[in-house]
Amino acid sequence: MNTLKVGDKVPSFTVNDQDGNAISLSDFTGKKLVVFFYPKASTPGCTAEACDLRDHYAELQEAGYFLLGVSADSEKRQKNFKEKYEFPFPLLADEAKEVINAFGVWGEKKFMGKIYDGIHRKTFIVDENGIVERVIDKVKTKVHASQILE
């Protein structure tokens, strides 16, 4: 797993969001972007994390951030997740793992003694020029917005 680090340029990508709209990295040129990766839509940790970002969305916007949530779920699952919790930001349905691999967040995980491959919960702050400004490795799902805003 070759995770992007501070100072790395984010590879360009185009992936559909929950409504089938193509979202590209280039759409955010000149903007500050928060890309948060989560393992699976509608699971407890991912729901807590995304709801915290929703609840603090105004503050994140005031700080100039645009948000993109990414997992390998289908458009339908992402749409259900977004609508159920009324998220104000798009969720990318990265089934082919294009963005997930570009950022290097797919890899070996351990859970309850089992080892398997999956998405690592990480968040990347990307500057106006598509360069990684900060990586949050230890995401605190219930207070994630404050980690971004600190």
# chains A, B, ... in the order shown; residues from 1 in each chain; ligands from 1
$ residues_around --residues "A:Lys97" --least-positions-apart "2" --cutoff "10 Å" --atoms "only C-alpha atoms" --output "ChimeraX atom specification"
/A:15,70-73,93-95,99-106,119
$ write_last_selection --atoms "C-alpha atoms" --output "PDB file, in the first residue's frame"
ATOM      1  CA  VAL A  15     -15.595   8.620 -10.490  1.00  0.00           C
ATOM      2  CA  VAL A  70     -15.265   7.823  -0.802  1.00  0.00           C
ATOM      3  CA  SER A  71     -15.860   4.094  -0.393  1.00  0.00           C
ATOM      4  CA  ALA A  72     -16.162   1.108  -2.722  1.00  0.00           C
ATOM      5  CA  ASP A  73     -19.939   0.947  -2.279  1.00  0.00           C
ATOM      6  CA  ALA A  93     -19.128   5.130  -5.547  1.00  0.00           C
ATOM      7  CA  ASP A  94     -15.570   3.970  -6.199  1.00  0.00           C
ATOM      8  CA  GLU A  95     -16.392   0.365  -7.068  1.00  0.00           C
ATOM      9  CA  VAL A  99      -9.610   6.890  -6.120  1.00  0.00           C
ATOM     10  CA  ILE A 100      -8.953   4.377  -3.333  1.00  0.00           C
ATOM     11  CA  ASN A 101      -5.840   3.122  -5.150  1.00  0.00           C
ATOM     12  CA  ALA A 102      -4.775   6.626  -6.224  1.00  0.00           C
ATOM     13  CA  PHE A 103      -4.608   7.650  -2.558  1.00  0.00           C
ATOM     14  CA  GLY A 104      -3.266   4.265  -1.467  1.00  0.00           C
ATOM     15  CA  VAL A 105      -5.853   3.475   1.204  1.00  0.00           C
ATOM     16  CA  TRP A 106      -6.617  -0.133   0.200  1.00  0.00           C
ATOM     17  CA  ILE A 119     -10.295   0.423   2.916  1.00  0.00           C
TER      18      ILE A 119
END
$ select_by_dssp --residues "chain A" --states "strand (DSSP E or B)" --output "MDAnalysis selection string"
chainID A and resid 9 14:17 22:24 32:37 65:71 91:93 106:111 114:119 122:126 131:136
$ residues_around --residues "A:Ala48" --least-positions-apart "6" --cutoff "10 Å" --atoms "only C-alpha atoms" --output "ChimeraX atom specification"
/A:42,54,140-144
$ atom_distance --atom1 "atom CA of A:Glu98" --atom2 "atom CA of A:Asn16"
10.8 Å
$ closest_residue --among "A:Ile148, A:Cys46, A:Ala58, A:Val135" --to "A:Lys82" --atoms "only C-alpha atoms"
A:Cys46
$ atom_distance --atom1 "atom CA of A:Lys32" --atom2 "atom CA of A:Gln147"
15.5 Å
$ residues_around --residues "A:Ser26" --least-positions-apart "2" --cutoff "12 Å" --atoms "only C-alpha atoms" --output "list in words"
Val10, Pro11, Ser12, Phe13, Thr14, Val15, Ala22, Ile23, Ser24, Phe28, Thr29, Gly30, Lys31, Lys32, Leu33, Val126, Glu128, Asn129 and Gly130 of chain A
$ write_last_selection --atoms "N, CA and C atoms" --output "PDB file, in the first residue's frame"
ATOM      1  N   VAL A  10      -1.913  14.703  -5.953  1.00  0.00           N
ATOM      2  CA  VAL A  10      -2.968  13.698  -6.068  1.00  0.00           C
ATOM      3  C   VAL A  10      -3.158  13.343  -7.541  1.00  0.00           C
ATOM      4  N   PRO A  11      -3.113  12.043  -7.896  1.00  0.00           N
ATOM      5  CA  PRO A  11      -3.360  11.659  -9.290  1.00  0.00           C
ATOM      6  C   PRO A  11      -4.785  12.038  -9.694  1.00  0.00           C
ATOM      7  N   SER A  12      -4.959  12.465 -10.954  1.00  0.00           N
ATOM      8  CA  SER A  12      -6.307  12.858 -11.354  1.00  0.00           C
ATOM      9  C   SER A  12      -7.216  11.634 -11.397  1.00  0.00           C
ATOM     10  N   PHE A  13      -8.485  11.858 -11.122  1.00  0.00           N
ATOM     11  CA  PHE A  13      -9.462  10.772 -11.126  1.00  0.00           C
ATOM     12  C   PHE A  13     -10.816  11.313 -11.572  1.00  0.00           C
ATOM     13  N   THR A  14     -11.654  10.432 -12.060  1.00  0.00           N
ATOM     14  CA  THR A  14     -13.054  10.747 -12.353  1.00  0.00           C
ATOM     15  C   THR A  14     -13.874   9.526 -11.961  1.00  0.00           C
ATOM     16  N   VAL A  15     -14.763   9.709 -10.997  1.00  0.00           N
ATOM     17  CA  VAL A  15     -15.595   8.620 -10.490  1.00  0.00           C
ATOM     18  C   VAL A  15     -17.000   9.165 -10.267  1.00  0.00           C
ATOM     19  N   ALA A  22     -20.407  12.380 -12.831  1.00  0.00           N
ATOM     20  CA  ALA A  22     -18.951  12.200 -12.832  1.00  0.00           C
ATOM     21  C   ALA A  22     -18.300  13.323 -12.023  1.00  0.00           C
ATOM     22  N   ILE A  23     -17.489  12.948 -11.049  1.00  0.00           N
ATOM     23  CA  ILE A  23     -16.768  13.919 -10.214  1.00  0.00           C
ATOM     24  C   ILE A  23     -15.278  13.707 -10.472  1.00  0.00           C
ATOM     25  N   SER A  24     -14.592  14.807 -10.809  1.00  0.00           N
ATOM     26  CA  SER A  24     -13.159  14.722 -11.116  1.00  0.00           C
ATOM     27  C   SER A  24     -12.365  15.575 -10.140  1.00  0.00           C
ATOM     28  N   PHE A  28     -12.054  20.573  -8.584  1.00  0.00           N
ATOM     29  CA  PHE A  28     -11.730  21.263  -7.335  1.00  0.00           C
ATOM     30  C   PHE A  28     -10.455  22.098  -7.426  1.00  0.00           C
ATOM     31  N   THR A  29      -9.974  22.321  -8.649  1.00  0.00           N
ATOM     32  CA  THR A  29      -8.792  23.163  -8.829  1.00  0.00           C
ATOM     33  C   THR A  29      -9.103  24.545  -8.258  1.00  0.00           C
ATOM     34  N   GLY A  30      -8.198  25.061  -7.440  1.00  0.00           N
ATOM     35  CA  GLY A  30      -8.415  26.370  -6.829  1.00  0.00           C
ATOM     36  C   GLY A  30      -9.242  26.308  -5.560  1.00  0.00           C
ATOM     37  N   LYS A  31      -9.593  25.084  -5.141  1.00  0.00           N
ATOM     38  CA  LYS A  31     -10.389  24.920  -3.926  1.00  0.00           C
ATOM     39  C   LYS A  31      -9.675  23.980  -2.964  1.00  0.00           C
ATOM     40  N   LYS A  32      -9.985  24.136  -1.681  1.00  0.00           N
ATOM     41  CA  LYS A  32      -9.423  23.216  -0.678  1.00  0.00           C
ATOM     42  C   LYS A  32     -10.382  22.040  -0.549  1.00  0.00           C
ATOM     43  N   LEU A  33      -9.835  20.849  -0.622  1.00  0.00           N
ATOM     44  CA  LEU A  33     -10.662  19.654  -0.665  1.00  0.00           C
ATOM     45  C   LEU A  33     -10.326  18.713   0.486  1.00  0.00           C
ATOM     46  N   VAL A 126      -6.443  18.356   0.780  1.00  0.00           N
ATOM     47  CA  VAL A 126      -5.753  18.640  -0.475  1.00  0.00           C
ATOM     48  C   VAL A 126      -5.857  20.140  -0.755  1.00  0.00           C
ATOM     49  N   GLU A 128      -5.298  23.875  -2.982  1.00  0.00           N
ATOM     50  CA  GLU A 128      -5.886  24.399  -4.226  1.00  0.00           C
ATOM     51  C   GLU A 128      -5.202  23.880  -5.490  1.00  0.00           C
ATOM     52  N   ASN A 129      -3.960  23.391  -5.344  1.00  0.00           N
ATOM     53  CA  ASN A 129      -3.206  22.900  -6.494  1.00  0.00           C
ATOM     54  C   ASN A 129      -3.165  21.381  -6.584  1.00  0.00           C
ATOM     55  N   GLY A 130      -3.998  20.714  -5.782  1.00  0.00           N
ATOM     56  CA  GLY A 130      -4.044  19.255  -5.845  1.00  0.00           C
ATOM     57  C   GLY A 130      -2.902  18.567  -5.121  1.00  0.00           C
TER      58      GLY A 130
END
$ closest_residue --among "A:Lys109, A:Lys76, A:His56, A:Lys138" --to "A:Pro88" --atoms "only C-alpha atoms"
A:His56
$ atom_distance --atom1 "atom CA of A:His120" --atom2 "atom CA of A:Val35"
12.7 Å
$ closest_residue --among "A:Asp55, A:Arg121, A:Leu149, A:Pro39" --to "A:Arg134" --atoms "only C-alpha atoms"
A:Leu149
$ closest_residue --among "A:Val34, A:Thr123, A:Lys40, A:Ile136" --to "A:Leu60" --atoms "only C-alpha atoms"
A:Val34
$ select_by_dssp --residues "chain A" --states "alpha helix (DSSP H)" --output "PyMOL selection string"
chain A and resi 44-55+57-62+75-85+98-103+144-149
